[in-house]
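J.: Sharing query-v4.txt here; it has compact mmCIF, C-alpha atoms.
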# COMPACT_ATOMS: atom_id res chain seq x y z
CA ASP A 175 -9.78 -11.78 28.84
CA SER A 176 -10.04 -14.31 25.99
CA GLY A 177 -10.47 -17.27 28.33
CA VAL A 178 -7.40 -19.00 26.89
CA THR A 179 -4.64 -19.51 29.46
CA GLN A 180 -1.00 -19.97 28.58
CA THR A 181 1.81 -20.76 30.95
CA PRO A 182 4.47 -19.72 31.55
CA LYS A 183 4.42 -16.11 30.39
CA HIS A 184 8.17 -15.97 29.99
CA LEU A 185 10.77 -18.66 29.56
CA ILE A 186 14.52 -18.25 29.31
CA THR A 187 16.63 -21.27 28.54
CA ALA A 188 19.87 -22.31 26.89
CA THR A 189 20.56 -23.82 23.52
CA GLY A 190 20.14 -27.57 23.40
CA GLN A 191 17.54 -27.60 26.15
CA ARG A 192 13.92 -28.78 26.06
CA VAL A 193 10.88 -26.82 27.22
CA THR A 194 7.15 -27.40 27.48
CA LEU A 195 4.55 -24.73 26.88
CA ARG A 196 1.07 -25.26 28.23
CA CYS A 197 -2.32 -24.05 27.03
CA SER A 198 -5.82 -24.33 28.45
CA PRO A 199 -8.51 -23.48 25.89
CA ARG A 200 -11.72 -21.59 26.51
CA SER A 201 -14.40 -23.61 28.17
CA GLY A 202 -16.23 -25.61 25.52
CA ASP A 203 -13.67 -25.10 22.76
CA LEU A 204 -12.48 -28.39 21.27
CA SER A 205 -9.85 -27.05 18.87
CA VAL A 206 -6.45 -25.81 19.93
CA TYR A 207 -3.96 -24.12 17.63
CA TRP A 208 -0.31 -23.24 18.13
CA TYR A 209 1.33 -20.31 16.39
CA GLN A 210 4.87 -18.95 16.41
CA GLN A 211 5.54 -15.22 16.10
CA SER A 212 9.17 -14.32 15.50
CA LEU A 213 10.51 -10.77 15.49
CA ASP A 214 9.02 -8.73 12.64
CA GLN A 215 7.07 -11.73 11.43
CA GLY A 216 3.44 -12.54 11.30
CA LEU A 217 1.98 -15.54 13.01
CA GLN A 218 3.15 -18.85 11.59
CA PHE A 219 0.78 -21.76 12.07
CA LEU A 220 2.42 -24.74 13.72
CA ILE A 221 -0.25 -27.31 14.50
CA GLN A 222 -3.93 -27.81 15.33
CA TYR A 223 -5.59 -30.37 17.55
CA TYR A 224 -9.26 -31.17 17.66
CA ASN A 225 -10.69 -33.12 20.56
CA GLY A 226 -7.41 -34.85 21.24
CA GLU A 227 -6.41 -35.64 17.68
CA GLU A 228 -4.05 -33.85 15.32
CA ARG A 229 -6.12 -32.07 12.67
CA ALA A 230 -3.63 -29.99 10.72
CA LYS A 231 0.10 -29.47 10.67
CA GLY A 232 1.88 -26.37 9.44
CA ASN A 233 5.51 -25.32 9.50
CA ILE A 234 6.38 -27.23 12.62
CA LEU A 235 9.93 -28.45 13.01
CA GLU A 236 10.66 -32.09 13.77
CA ARG A 237 12.24 -30.93 17.03
CA PHE A 238 8.82 -29.65 18.08
CA SER A 239 5.88 -31.78 19.09
CA ALA A 240 2.48 -31.21 20.62
CA GLN A 241 -0.43 -33.06 22.08
CA GLN A 242 -3.91 -32.43 23.39
CA PHE A 243 -5.02 -34.25 26.49
CA PRO A 244 -8.46 -35.66 27.41
CA ASP A 245 -9.23 -32.55 29.46
CA LEU A 246 -8.52 -30.59 26.23
CA HIS A 247 -5.47 -28.73 27.48
CA SER A 248 -2.52 -28.82 25.13
CA GLU A 249 1.24 -28.84 25.43
CA LEU A 250 3.86 -27.78 22.92
CA ASN A 251 7.23 -29.40 23.43
CA LEU A 252 10.32 -27.77 21.97
CA SER A 253 13.57 -29.72 22.10
CA SER A 254 17.22 -29.23 21.08
CA LEU A 255 16.52 -25.55 21.23
CA GLU A 256 18.38 -23.15 18.95
CA LEU A 257 18.79 -19.39 19.11
CA GLY A 258 16.37 -19.06 16.20
CA ASP A 259 13.61 -20.65 18.23
CA SER A 260 13.36 -17.50 20.32
CA ALA A 261 9.87 -16.20 19.65
CA LEU A 262 6.43 -15.55 21.03
CA TYR A 263 4.36 -18.73 21.01
CA PHE A 264 0.61 -18.33 20.95
CA CYS A 265 -2.07 -20.81 21.68
CA ALA A 266 -5.58 -20.21 20.40
CA SER A 267 -8.85 -22.08 20.64
CA SER A 268 -12.10 -22.11 18.75
CA VAL A 269 -15.53 -23.65 18.67
CA ALA A 270 -15.42 -26.92 16.82
CA GLN A 271 -16.22 -26.88 13.12
CA ALA A 272 -17.57 -23.36 13.05
CA TYR A 273 -15.73 -21.72 10.21
CA ASN A 274 -16.92 -18.19 10.84
CA SER A 275 -15.99 -18.23 14.50
CA PRO A 276 -12.78 -16.43 15.38
CA LEU A 277 -9.76 -17.86 17.10
CA HIS A 278 -9.43 -16.76 20.69
CA PHE A 279 -5.82 -16.24 21.60
CA GLY A 280 -3.96 -16.58 24.85
CA ASN A 281 -1.44 -13.96 25.89
CA GLY A 282 1.47 -16.00 24.58
CA THR A 283 4.66 -17.42 26.00
CA ARG A 284 7.80 -15.43 25.32
CA LEU A 285 10.64 -17.90 24.78
CA THR A 286 14.20 -16.66 24.86
CA VAL A 287 16.98 -19.07 23.97
CA THR A 288 20.46 -17.92 24.99
CA ALA B 91 -1.94 -22.79 -0.46
CA GLN B 92 -3.58 -19.56 0.49
CA THR B 93 -1.44 -16.49 1.12
CA VAL B 94 -2.18 -13.15 2.70
CA THR B 95 -0.24 -10.01 1.84
CA GLN B 96 -0.14 -6.77 3.77
CA SER B 97 1.89 -4.38 1.66
CA GLN B 98 2.19 -1.61 4.26
CA PRO B 99 4.67 -2.53 7.00
CA GLU B 100 3.94 0.76 8.78
CA MET B 101 1.26 3.42 8.68
CA SER B 102 0.60 6.53 10.71
CA VAL B 103 -2.48 8.65 11.27
CA GLN B 104 -3.39 11.75 13.20
CA GLU B 105 -5.75 11.36 16.09
CA ALA B 106 -9.40 11.74 14.97
CA GLU B 107 -8.48 11.14 11.32
CA THR B 108 -9.27 8.13 9.14
CA VAL B 109 -6.79 5.51 7.99
CA THR B 110 -7.09 2.50 5.69
CA LEU B 111 -4.93 -0.60 6.00
CA SER B 112 -4.56 -2.81 2.93
CA CYS B 113 -4.77 -6.57 2.64
CA THR B 114 -4.83 -8.84 -0.39
CA TYR B 115 -5.06 -12.59 -0.48
CA ASP B 116 -4.60 -15.36 -2.95
CA THR B 117 -7.02 -18.27 -3.10
CA SER B 118 -8.82 -20.43 -5.59
CA GLU B 119 -11.67 -21.05 -3.16
CA SER B 120 -15.03 -19.32 -3.32
CA ASP B 121 -16.05 -19.98 0.25
CA TYR B 122 -13.87 -18.44 2.94
CA TYR B 123 -13.74 -16.01 5.83
CA LEU B 124 -11.56 -13.01 6.46
CA PHE B 125 -10.53 -11.44 9.75
CA TRP B 126 -8.65 -8.46 11.09
CA TYR B 127 -6.83 -8.85 14.38
CA LYS B 128 -5.18 -6.16 16.46
CA GLN B 129 -2.04 -6.73 18.54
CA PRO B 130 -1.30 -3.84 20.92
CA PRO B 131 2.01 -3.58 22.80
CA SER B 132 0.52 -5.88 25.41
CA ARG B 133 0.92 -8.50 22.60
CA GLN B 134 -2.60 -9.87 23.08
CA MET B 135 -4.34 -10.80 19.82
CA ILE B 136 -7.74 -9.11 19.67
CA LEU B 137 -10.37 -9.71 17.01
CA VAL B 138 -11.38 -6.46 15.32
CA ILE B 139 -13.78 -7.54 12.59
CA ARG B 140 -14.73 -10.51 10.41
CA GLN B 141 -16.24 -10.92 6.95
CA GLU B 142 -17.90 -13.88 5.28
CA ALA B 143 -16.99 -14.13 1.61
CA TYR B 144 -20.54 -15.01 0.60
CA LYS B 145 -21.83 -11.74 2.01
CA GLN B 146 -21.65 -8.75 -0.32
CA GLN B 147 -22.30 -6.27 2.48
CA ASN B 148 -19.15 -4.96 4.09
CA ALA B 149 -18.80 -5.67 7.79
CA THR B 150 -18.72 -2.81 10.29
CA GLU B 151 -17.95 -2.68 14.00
CA ASN B 152 -18.32 0.81 15.45
CA ARG B 153 -15.38 2.83 14.07
CA PHE B 154 -13.98 -0.12 12.13
CA SER B 155 -15.23 -1.13 8.71
CA VAL B 156 -13.93 -3.16 5.80
CA ASN B 157 -13.93 -2.76 2.06
CA PHE B 158 -14.27 -6.28 0.74
CA GLN B 159 -13.65 -6.64 -2.98
CA LYS B 160 -14.01 -10.34 -3.73
CA ALA B 161 -13.09 -10.18 -7.40
CA ALA B 162 -9.95 -8.22 -6.60
CA LYS B 163 -9.23 -10.43 -3.55
CA SER B 164 -8.86 -7.33 -1.45
CA PHE B 165 -9.91 -6.81 2.18
CA SER B 166 -8.95 -3.42 3.54
CA LEU B 167 -9.66 -2.11 7.04
CA LYS B 168 -10.83 1.44 7.61
CA ILE B 169 -10.46 3.00 11.02
CA SER B 170 -12.48 6.19 11.48
CA ASP B 171 -11.94 8.82 14.17
CA SER B 172 -8.63 7.23 15.12
CA GLN B 173 -7.81 7.10 18.80
CA LEU B 174 -4.51 6.73 20.62
CA GLY B 175 -5.62 3.30 21.75
CA ASP B 176 -5.80 2.14 18.14
CA ALA B 177 -2.02 2.13 17.94
CA ALA B 178 -1.03 -1.49 17.38
CA MET B 179 0.00 -4.11 14.87
CA TYR B 180 -2.90 -5.11 12.66
CA PHE B 181 -3.01 -8.53 11.06
CA CYS B 182 -5.23 -9.65 8.24
CA ALA B 183 -6.15 -13.34 8.26
CA TYR B 184 -7.81 -15.85 5.96
CA ARG B 185 -9.69 -19.02 6.75
CA SER B 186 -10.92 -21.57 4.26
CA GLY B 187 -14.62 -22.24 4.44
CA ARG B 188 -14.36 -25.41 2.46
CA ARG B 189 -15.19 -28.44 4.48
CA THR B 190 -12.97 -31.17 3.12
CA GLN B 191 -11.90 -34.31 4.84
CA GLY B 192 -9.11 -33.43 7.16
CA GLY B 193 -9.75 -29.75 6.64
CA SER B 194 -8.61 -27.25 9.20
CA GLU B 195 -10.12 -24.13 10.65
CA LYS B 196 -6.70 -22.56 11.00
CA LEU B 197 -6.11 -18.93 10.12
CA VAL B 198 -3.44 -17.84 7.65
CA PHE B 199 -2.01 -14.47 8.65
CA GLY B 200 -0.31 -11.66 6.80
CA LYS B 201 2.87 -10.14 8.22
CA GLY B 202 1.05 -7.21 9.74
CA THR B 203 0.92 -3.42 9.56
CA LYS B 204 2.19 -1.32 12.43
CA LEU B 205 -0.17 1.59 13.01
CA THR B 206 1.01 4.68 14.85
CA VAL B 207 -1.51 7.26 16.02
CA ASN B 208 -0.11 10.76 16.46
CA PRO B 209 -1.75 13.09 19.00
Could you quickly redo this structure as structure tokens?
T.:
Amino acid sequence: DSGVTQTPKHLITATGQRVTLRCSPRSGDLSVYWYQQSLDQGLQFLIQYYNGEERAKGNILERFSAQQFPDLHSELNLSSLELGDSALYFCASSVAQAYNSPLHFGNGTRLTVT
Amino acid sequence: AQTVTQSQPEMSVQEAETVTLSCTYDTSESDYYLFWYKQPPSRQMILVIRQEAYKQQNATENRFSVNFQKAAKSFSLKISDSQLGDAAMYFCAYRSGRRTQGGSEKLVFGKGTKLTVNP
């Protein structure tokens, strides 16, 4: 158990809809990262938050947004969903500003857009 | 931007044998960290091993070891005495060690190598 909790585990929704994915980082971790893993693809970095503030942005679509709350949990909001948004979405957390520390990943949320 | 390339989409190995997974990366930085993650069918991402670029000694973790060639920008993973439980996707990842304003500790991943272990 990595200590990172993601909910829900599975999500099935229709095109055009909006969903929210939730992540609770490991106790004490200040950084939260979101990654997207599509079929046969590696993990694509979407966005990172550190202690409530956006720290880095990757290939995140404008239809997607995220935030980190004062209790350090994070939410990834996906709107106007398209079939191509179907993927496994991972949240990870890490110790703040420790470059040799690994990312600890949650078990992911499997999003299916029909 | 840094990139990570895993040139072997799939590999197979016989149980108890040794297999090496390849990874190359492109960077202009001298300070960075490299990681190998394993993703079994359960889809959980599990850290296998990490390497600091400033260390010349190759990292080892039980049956897992790396061959880090900094000049060649190569970071291969060797799995010895392969076990059925080693079957998984393996991802190589890079992290910048440079602390710049607004820098990120994010990992950049390769596309992965699917390892099959044959009994």
J.: State, in Å with one decimal place, the distance from CA of Ser112 (chain B) to CA of Ser166 (chain B).
T.: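 So the answer is 4.5 Å.
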J.: Counting all atoms listed in the file, which of B:Pro99, B:Gly175, B:Pro130, B:Gly187 gets nearest to chain A?
T.: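 Of the candidates, the smallest distance to chain A is held by B:Gly187.
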J.: What is the CA of Ser275 (chain A)-CA of Arg140 (chain B) distance in Å, reported with one decimal?
T.: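 CA of Arg140 (chain B) lies at a distance of 8.8 Å from CA of Ser275 (chain A).
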J.: With a cut-off of 9 Å and counting all atoms listed in the file, select all residues of chain A in contact with chain B and give the selection as an mmCIF file with C-alpha atoms, in the frame of the given file.
T.:
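Printed below is result_7.cif as written:
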data_model
loop_
_atom_site.group_PDB
_atom_site.id
_atom_site.type_symbol
_atom_site.label_atom_id
_atom_site.label_comp_id
_atom_site.auth_asym_id
_atom_site.auth_seq_id
_atom_site.Cartn_x
_atom_site.Cartn_y
_atom_site.Cartn_z
ATOM 1 C CA SER A 176 -10.040 -14.310 25.990
ATOM 2 C CA SER A 205 -9.850 -27.050 18.870
ATOM 3 C CA TYR A 207 -3.960 -24.120 17.630
ATOM 4 C CA ASP A 214 9.020 -8.730 12.640
ATOM 5 C CA GLN A 215 7.070 -11.730 11.430
ATOM 6 C CA GLY A 216 3.440 -12.540 11.300
ATOM 7 C CA LEU A 217 1.980 -15.540 13.010
ATOM 8 C CA GLN A 218 3.150 -18.850 11.590
ATOM 9 C CA PHE A 219 0.780 -21.760 12.070
ATOM 10 C CA ILE A 221 -0.250 -27.310 14.500
ATOM 11 C CA GLN A 222 -3.930 -27.810 15.330
ATOM 12 C CA ARG A 229 -6.120 -32.070 12.670
ATOM 13 C CA ALA A 230 -3.630 -29.990 10.720
ATOM 14 C CA SER A 268 -12.100 -22.110 18.750
ATOM 15 C CA ALA A 270 -15.420 -26.920 16.820
ATOM 16 C CA GLN A 271 -16.220 -26.880 13.120
ATOM 17 C CA ALA A 272 -17.570 -23.360 13.050
ATOM 18 C CA TYR A 273 -15.730 -21.720 10.210
ATOM 19 C CA ASN A 274 -16.920 -18.190 10.840
ATOM 20 C CA SER A 275 -15.990 -18.230 14.500
ATOM 21 C CA PRO A 276 -12.780 -16.430 15.380
ATOM 22 C CA LEU A 277 -9.760 -17.860 17.100
ATOM 23 C CA HIS A 278 -9.430 -16.760 20.690
ATOM 24 C CA PHE A 279 -5.820 -16.240 21.600
ATOM 25 C CA GLY A 280 -3.960 -16.580 24.850
ATOM 26 C CA ASN A 281 -1.440 -13.960 25.890
ATOM 27 C CA GLY A 282 1.470 -16.000 24.580
#
J.: Using only C-alpha atoms for the distances, tell me which of A:Asn225, A:Gln210, A:Thr179, A:Gln191 is nearest to Ser254 (chain A).
T.: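 Closest candidate: A:Gln191.
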J.: So which residues touch Arg237 (chain A) within 12 Å, counting all atoms listed in the file, skipping near sequence neighbours fewer than 3 positions away, as a list in words?
T.: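 Those residues are Gly190, Gln191, Arg192, Val193, Asn233, Ile234, Ala240, Leu250, Asn251, Leu252, Ser253, Ser254, Leu255, Glu256 and Asp259 of chain A.
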J.: Pick out the closest residue to Phe158 (chain B) from this set: B:Glu105, B:Cys113, B:Pro209, B:Ala177. Count all atoms listed in the file.
T.: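 Result for the nearest residue to Phe158 (chain B): B:Cys113.
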J.: Got a sec: who's within 10 Å of Lys168 (chain B), counting only C-alpha atoms, leaving out chain neighbours fewer than 5 positions off, as a PyMOL selection string?
T.: chain B and resi 108-112+150+153-157
J.: Counting all atoms listed in the file, which residues have an atom no more than 8 Å from (1.0, 3.7, 13.0) in the file's coordinates? Please list them as a PyMOL selection string.
T.: chain B and resi 100-103+177-178+203-208
J.: From the set A:Arg284, A:Lys231, A:Arg200, A:His184, which residue has the shortest atom-to-atom contact distance to Phe264 (chain A), counting all atoms listed in the file?
T.: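 The shortest atom-to-atom distance to Phe264 (chain A) comes from A:Arg284.
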J.: Find the residue from A:Ser267, A:Ser201, A:Ser239, A:Thr181 that sits nearest to Tyr224 (chain A); use all atoms listed in the file when measuring.
T.: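 The answer is A:Ser267, which sits nearest to Tyr224 (chain A).
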J.: Enter the distance from CA of Tyr184 (chain B) to CA of Gln241 (chain A), in Å, rounded to one decimal.
T.: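 Computing it gives 24.7 Å between the two atoms.
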